[in-house]
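Raw coords-v4.pdb, PDB, C-alpha atoms, pLDDT in the B column:
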ATOM      1  CA  MET A 204       0.000   0.000   0.000  1.00 50.00           C
ATOM      2  CA  GLY A 205       1.617   3.249  -1.167  1.00 59.00           C
ATOM      3  CA  VAL A 206       1.611   6.685   0.370  1.00 68.00           C
ATOM      4  CA  THR A 207      -1.173   8.945  -0.870  1.00 73.00           C
ATOM      5  CA  ILE A 208       0.254  12.081  -2.470  1.00 78.00           C
ATOM      6  CA  LEU A 209      -1.911  15.113  -2.078  1.00 91.00           C
ATOM      7  CA  VAL A 210      -2.118  18.856  -2.035  1.00 96.00           C
ATOM      8  CA  ALA A 211      -2.493  20.423   1.389  1.00 97.00           C
ATOM      9  CA  ILE A 212      -4.869  23.364   1.660  1.00 98.00           C
ATOM     10  CA  TYR A 213      -4.210  25.334   4.832  1.00 97.00           C
ATOM     11  CA  ALA A 214      -6.664  27.897   6.199  1.00 97.00           C
ATOM     12  CA  ARG A 215      -6.555  29.838   9.455  1.00 95.00           C
ATOM     13  CA  GLN A 216      -8.926  32.356  10.982  1.00 92.00           C
ATOM     14  CA  SER A 217      -7.916  33.716  14.361  1.00 84.00           C
ATOM     15  CA  MET A 218     -11.308  35.193  15.196  1.00 77.00           C
ATOM     16  CA  GLU A 219     -14.635  35.895  13.562  1.00 64.00           C
ATOM     17  CA  ARG A 220     -14.653  39.527  12.423  1.00 65.00           C
ATOM     18  CA  PRO A 221     -16.792  41.208   9.789  1.00 63.00           C
ATOM     19  CA  ASP A 222     -13.683  42.125   7.765  1.00 71.00           C
ATOM     20  CA  SER A 223     -11.943  38.748   8.003  1.00 82.00           C
ATOM     21  CA  VAL A 224     -11.986  36.161   5.237  1.00 90.00           C
ATOM     22  CA  SER A 225     -13.899  33.080   6.359  1.00 92.00           C
ATOM     23  CA  ILE A 226     -12.416  29.586   6.339  1.00 95.00           C
ATOM     24  CA  ASP A 227     -14.896  28.595   3.620  1.00 95.00           C
ATOM     25  CA  ALA A 228     -13.916  31.531   1.390  1.00 95.00           C
ATOM     26  CA  GLN A 229     -10.208  30.749   1.904  1.00 96.00           C
ATOM     27  CA  THR A 230     -10.585  27.069   1.050  1.00 97.00           C
ATOM     28  CA  ASP A 231     -12.860  27.799  -1.937  1.00 96.00           C
ATOM     29  CA  GLN A 232     -10.154  30.029  -3.432  1.00 96.00           C
ATOM     30  CA  CYS A 233      -7.410  27.464  -2.718  1.00 96.00           C
ATOM     31  CA  ARG A 234      -9.333  24.579  -4.296  1.00 96.00           C
ATOM     32  CA  LYS A 235      -9.040  26.373  -7.663  1.00 93.00           C
ATOM     33  CA  PHE A 236      -5.304  25.503  -7.559  1.00 91.00           C
ATOM     34  CA  ALA A 237      -5.553  22.082  -5.903  1.00 92.00           C
ATOM     35  CA  GLY A 238      -6.922  19.676  -8.500  1.00 86.00           C
ATOM     36  CA  GLN A 239      -8.613  16.463  -7.379  1.00 86.00           C
ATOM     37  CA  ASP A 240      -6.445  15.112  -4.568  1.00 90.00           C
ATOM     38  CA  TYR A 241      -6.287  17.485  -1.643  1.00 95.00           C
ATOM     39  CA  LYS A 242      -6.717  17.580   2.094  1.00 96.00           C
ATOM     40  CA  GLN A 243      -7.873  20.614   4.024  1.00 97.00           C
ATOM     41  CA  TYR A 244      -6.196  21.634   7.258  1.00 98.00           C
ATOM     42  CA  CYS A 245      -8.225  24.358   8.996  1.00 97.00           C
ATOM     43  CA  ASP A 246      -7.449  26.055  12.294  1.00 96.00           C
ATOM     44  CA  ILE A 247     -10.240  28.279  13.600  1.00 93.00           C
ATOM     45  CA  GLY A 248      -9.551  30.528  16.583  1.00 91.00           C
ATOM     46  CA  TYR A 249      -5.740  30.333  16.397  1.00 91.00           C
ATOM     47  CA  SER A 250      -3.364  33.254  15.998  1.00 87.00           C
ATOM     48  CA  GLY A 251      -0.626  33.330  13.383  1.00 86.00           C
ATOM     49  CA  LYS A 252       1.886  34.459  16.017  1.00 86.00           C
ATOM     50  CA  ASN A 253       3.172  30.887  16.416  1.00 90.00           C
ATOM     51  CA  THR A 254       2.685  27.419  14.965  1.00 93.00           C
ATOM     52  CA  ASN A 255       0.985  25.827  17.974  1.00 95.00           C
ATOM     53  CA  ARG A 256      -2.113  24.900  15.972  1.00 97.00           C
ATOM     54  CA  PRO A 257      -3.449  21.333  15.740  1.00 97.00           C
ATOM     55  CA  GLN A 258      -4.171  21.215  12.007  1.00 98.00           C
ATOM     56  CA  TYR A 259      -0.960  23.065  11.125  1.00 98.00           C
ATOM     57  CA  GLU A 260       1.019  20.538  13.174  1.00 97.00           C
ATOM     58  CA  GLN A 261      -0.771  17.653  11.399  1.00 97.00           C
ATOM     59  CA  MET A 262       0.050  19.199   8.030  1.00 98.00           C
ATOM     60  CA  ILE A 263       3.738  19.402   9.028  1.00 98.00           C
ATOM     61  CA  LYS A 264       3.683  15.698   9.981  1.00 97.00           C
ATOM     62  CA  ASP A 265       2.114  14.840   6.631  1.00 97.00           C
ATOM     63  CA  ILE A 266       4.791  16.864   4.807  1.00 97.00           C
ATOM     64  CA  GLN A 267       7.547  15.101   6.742  1.00 97.00           C
ATOM     65  CA  SER A 268       6.068  11.685   5.959  1.00 96.00           C
ATOM     66  CA  GLY A 269       6.038  12.417   2.218  1.00 95.00           C
ATOM     67  CA  LYS A 270       2.257  12.632   1.776  1.00 95.00           C
ATOM     68  CA  VAL A 271       2.197  16.216   0.474  1.00 96.00           C
ATOM     69  CA  THR A 272       3.382  17.584  -2.878  1.00 94.00           C
ATOM     70  CA  ALA A 273       2.193  21.183  -2.468  1.00 93.00           C
ATOM     71  CA  VAL A 274       0.829  23.528   0.193  1.00 94.00           C
ATOM     72  CA  ILE A 275      -1.735  26.140  -0.783  1.00 95.00           C
ATOM     73  CA  SER A 276      -2.982  28.954   1.428  1.00 95.00           C
ATOM     74  CA  TYR A 277      -5.211  31.929   0.705  1.00 95.00           C
ATOM     75  CA  ARG A 278      -2.379  34.337   1.633  1.00 91.00           C
ATOM     76  CA  LEU A 279       1.033  34.024   3.254  1.00 86.00           C
ATOM     77  CA  ASP A 280      -0.236  35.425   6.549  1.00 86.00           C
ATOM     78  CA  ARG A 281      -2.728  32.551   6.875  1.00 92.00           C
ATOM     79  CA  ILE A 282       0.274  30.260   7.319  1.00 91.00           C
ATOM     80  CA  SER A 283       2.054  32.510   9.802  1.00 87.00           C
ATOM     81  CA  ARG A 284       2.546  36.072  10.964  1.00 83.00           C
ATOM     82  CA  ASN A 285       6.000  35.231  12.264  1.00 85.00           C
ATOM     83  CA  ILE A 286       8.859  35.511   9.776  1.00 82.00           C
ATOM     84  CA  ILE A 287      11.009  32.888  11.516  1.00 87.00           C
ATOM     85  CA  ASP A 288       8.184  30.336  11.550  1.00 89.00           C
ATOM     86  CA  PHE A 289       7.489  30.977   7.873  1.00 86.00           C
ATOM     87  CA  ALA A 290      11.186  30.691   7.011  1.00 86.00           C
ATOM     88  CA  ASN A 291      11.294  27.353   8.845  1.00 91.00           C
ATOM     89  CA  LEU A 292       8.286  26.159   6.844  1.00 92.00           C
ATOM     90  CA  LEU A 293       9.887  27.188   3.541  1.00 88.00           C
ATOM     91  CA  GLU A 294      13.040  25.286   4.516  1.00 90.00           C
ATOM     92  CA  LEU A 295      10.969  22.199   5.371  1.00 96.00           C
ATOM     93  CA  LEU A 296       9.083  22.460   2.076  1.00 93.00           C
ATOM     94  CA  GLU A 297      12.306  22.761   0.094  1.00 89.00           C
ATOM     95  CA  LYS A 298      13.876  19.808   1.932  1.00 95.00           C
ATOM     96  CA  ASN A 299      10.816  17.674   1.114  1.00 95.00           C
ATOM     97  CA  HIS A 300      10.410  18.933  -2.485  1.00 93.00           C
ATOM     98  CA  VAL A 301       7.019  20.482  -1.700  1.00 92.00           C
ATOM     99  CA  LYS A 302       5.780  23.575  -3.564  1.00 88.00           C
ATOM    100  CA  TYR A 303       4.143  26.523  -1.797  1.00 89.00           C
ATOM    101  CA  ILE A 304       1.320  28.387  -3.535  1.00 89.00           C
ATOM    102  CA  SER A 305      -0.474  31.501  -2.333  1.00 89.00           C
ATOM    103  CA  ALA A 306      -3.936  31.555  -3.912  1.00 93.00           C
ATOM    104  CA  THR A 307      -4.105  35.368  -3.996  1.00 92.00           C
ATOM    105  CA  GLU A 308      -0.464  36.459  -4.234  1.00 86.00           C
ATOM    106  CA  GLN A 309       1.980  35.798  -7.061  1.00 83.00           C
ATOM    107  CA  PHE A 310       5.338  34.478  -5.840  1.00 74.00           C
ATOM    108  CA  ASP A 311       7.823  32.384  -7.756  1.00 70.00           C
ATOM    109  CA  THR A 312       9.814  30.702  -5.002  1.00 68.00           C
ATOM    110  CA  SER A 313      12.150  29.161  -7.579  1.00 67.00           C
ATOM    111  CA  THR A 314      13.844  32.552  -8.091  1.00 75.00           C
ATOM    112  CA  PRO A 315      15.882  34.626  -5.633  1.00 79.00           C
ATOM    113  CA  ILE A 316      13.649  37.681  -6.179  1.00 82.00           C
ATOM    114  CA  GLY A 317      10.520  35.574  -5.563  1.00 77.00           C
ATOM    115  CA  ARG A 318      11.909  34.260  -2.276  1.00 75.00           C
ATOM    116  CA  ALA A 319      12.955  37.794  -1.267  1.00 79.00           C
ATOM    117  CA  MET A 320       9.434  39.077  -1.967  1.00 79.00           C
ATOM    118  CA  ILE A 321       7.956  36.422   0.309  1.00 75.00           C
ATOM    119  CA  TYR A 322      10.190  37.552   3.168  1.00 76.00           C
ATOM    120  CA  ILE A 323       9.307  41.207   2.579  1.00 82.00           C
ATOM    121  CA  VAL A 324       5.590  40.372   2.731  1.00 76.00           C
ATOM    122  CA  MET A 325       6.163  38.322   5.892  1.00 72.00           C
ATOM    123  CA  VAL A 326       7.881  41.255   7.603  1.00 78.00           C
ATOM    124  CA  PHE A 327       4.738  43.321   7.036  1.00 76.00           C
ATOM    125  CA  ALA A 328       2.486  40.471   8.211  1.00 71.00           C
ATOM    126  CA  GLN A 329       4.471  40.279  11.448  1.00 72.00           C
ATOM    127  CA  LEU A 330       4.332  44.067  11.848  1.00 78.00           C
ATOM    128  CA  GLU A 331       0.562  43.948  11.364  1.00 74.00           C
ATOM    129  CA  ARG A 332       0.177  41.222  14.004  1.00 57.00           C
ATOM    130  CA  GLU A 333       1.988  43.136  16.739  1.00 60.00           C
ATOM    131  CA  PRO A 334      -0.517  46.053  17.007  1.00 57.00           C
ATOM    132  CA  ILE A 335      -3.407  43.547  16.801  1.00 48.00           C
ATOM    133  CA  ALA A 336      -1.919  41.585  19.709  1.00 48.00           C
ATOM    134  CA  GLY A 337      -1.588  44.834  21.696  1.00 50.00           C
ATOM    135  CA  ARG A 338      -5.277  45.677  21.178  1.00 45.00           C
ATOM    136  CA  ILE A 339      -6.412  42.210  22.256  1.00 48.00           C
ATOM    137  CA  ALA A 340      -4.236  41.994  25.381  1.00 48.00           C
TER     138      ALA A 340
END
Go ahead and express the file in the form of C-alpha cells.
Amino acid sequence: MGVTILVAIYARQSMERPDSVSIDAQTDQCRKFAGQDYKQYCDIGYSGKNTNRPQYEQMIKDIQSGKVTAVISYRLDRISRNIIDFANLLELLEKNHVKYISATEQFDTSTPIGRAMIYIVMVFAQLEREPIAGRIA
C-alpha cells in the first residue's frame, strides 16, 4: 500500500470579524489551484503568532512523511505572521520537495527575487500582528 500524495490546503482564521476572510472563502479560493487530490487543514480561533495549531502541526507531519506535494494557502499570513516560523516552513518544504502556492499572491519561489518578496511580505504580516496583539491583550 503506497503513500497517498496530495495537495495540502491550509486555512486559518484567528477570530470571527466582519472584515476577516472566512475559512470557507479561503478554502474555496485554494481549491481552484488544488486539483482532485487534496486535504484541508483548517485552524479556527488560532493566531498566526506561532505554529501551535493542531491542524498546522498535522500538516507538518504529513509533509515530513512524504504525503504532500504542495501547500496552498489563501495568503502568506494565513500560514504565519511570524517571519522565523514561515522561514522554517519554507526550509521544510524545500527539503521535502514540496511547492508553496499563495492563492491570492503571485510568488515564484524558484527565483531569488521571488523568495525575497515572500520575506518582505512576511515582515509586514508580522508588523501587522503586533498592534493587533496589543489591542487584544
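Between CA of Leu293 in chain A and CA of Val271 in chain A there is a distance of 13.7 Å.
Remark: for Ser276 in chain A, the closest of the candidate residues A:Gln232, A:Thr207, A:Gln261, A:Asn291 is A:Gln232 (distances computed over only C-alpha atoms).
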Have a look at CA of Ile321 in chain A and CA of Gly238 in chain A and let me know their distance in Å, one decimal.
-> 24.1 Å
Box dimensions and centre (Å, one decimal) enclosing range 254-273 of chain A, axis-aligned, 3 Å extra per side, as AutoDock Vina command-line options:
--center_x 1.7 --center_y 19.6 --center_z 7.5 --size_x 17.7 --size_y 21.7 --size_z 26.9
Which of A:Leu295, A:Ala237, A:Val224, A:Ile286 sits closest to Gln267 in chain A [using only C-alpha atoms] | A:Leu295
Which neighbours of Arg215 in chain A fall inside 9 Å, counting only C-alpha atoms, when residues of the same chain fewer than 6 positions from it are skipped, and could you give them as an NGL selection string?
-> :A and (225-226 or 229 or 244-251 or 259 or 276 or 280-282)
Go ahead and save the picked residues with C-alpha atoms, as an mmCIF file, in the frame of the given file.
data_model
loop_
_atom_site.group_PDB
_atom_site.id
_atom_site.type_symbol
_atom_site.label_atom_id
_atom_site.label_comp_id
_atom_site.auth_asym_id
_atom_site.auth_seq_id
_atom_site.Cartn_x
_atom_site.Cartn_y
_atom_site.Cartn_z
ATOM 1 C CA SER A 225 -13.899 33.080 6.359
ATOM 2 C CA ILE A 226 -12.416 29.586 6.339
ATOM 3 C CA GLN A 229 -10.208 30.749 1.904
ATOM 4 C CA TYR A 244 -6.196 21.634 7.258
ATOM 5 C CA CYS A 245 -8.225 24.358 8.996
ATOM 6 C CA ASP A 246 -7.449 26.055 12.294
ATOM 7 C CA ILE A 247 -10.240 28.279 13.600
ATOM 8 C CA GLY A 248 -9.551 30.528 16.583
ATOM 9 C CA TYR A 249 -5.740 30.333 16.397
ATOM 10 C CA SER A 250 -3.364 33.254 15.998
ATOM 11 C CA GLY A 251 -0.626 33.330 13.383
ATOM 12 C CA TYR A 259 -0.960 23.065 11.125
ATOM 13 C CA SER A 276 -2.982 28.954 1.428
ATOM 14 C CA ASP A 280 -0.236 35.425 6.549
ATOM 15 C CA ARG A 281 -2.728 32.551 6.875
ATOM 16 C CA ILE A 282 0.274 30.260 7.319
#
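Counting from CA of Ser305 in chain A, the distance to CA of Tyr213 in chain A is 10.2 Å.
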Would you please work out which residue, of A:Thr254, A:Leu292, A:Gln309, A:Asp222, is nearest to Tyr277 in chain A when using all atoms listed in the file?
-> A:Gln309
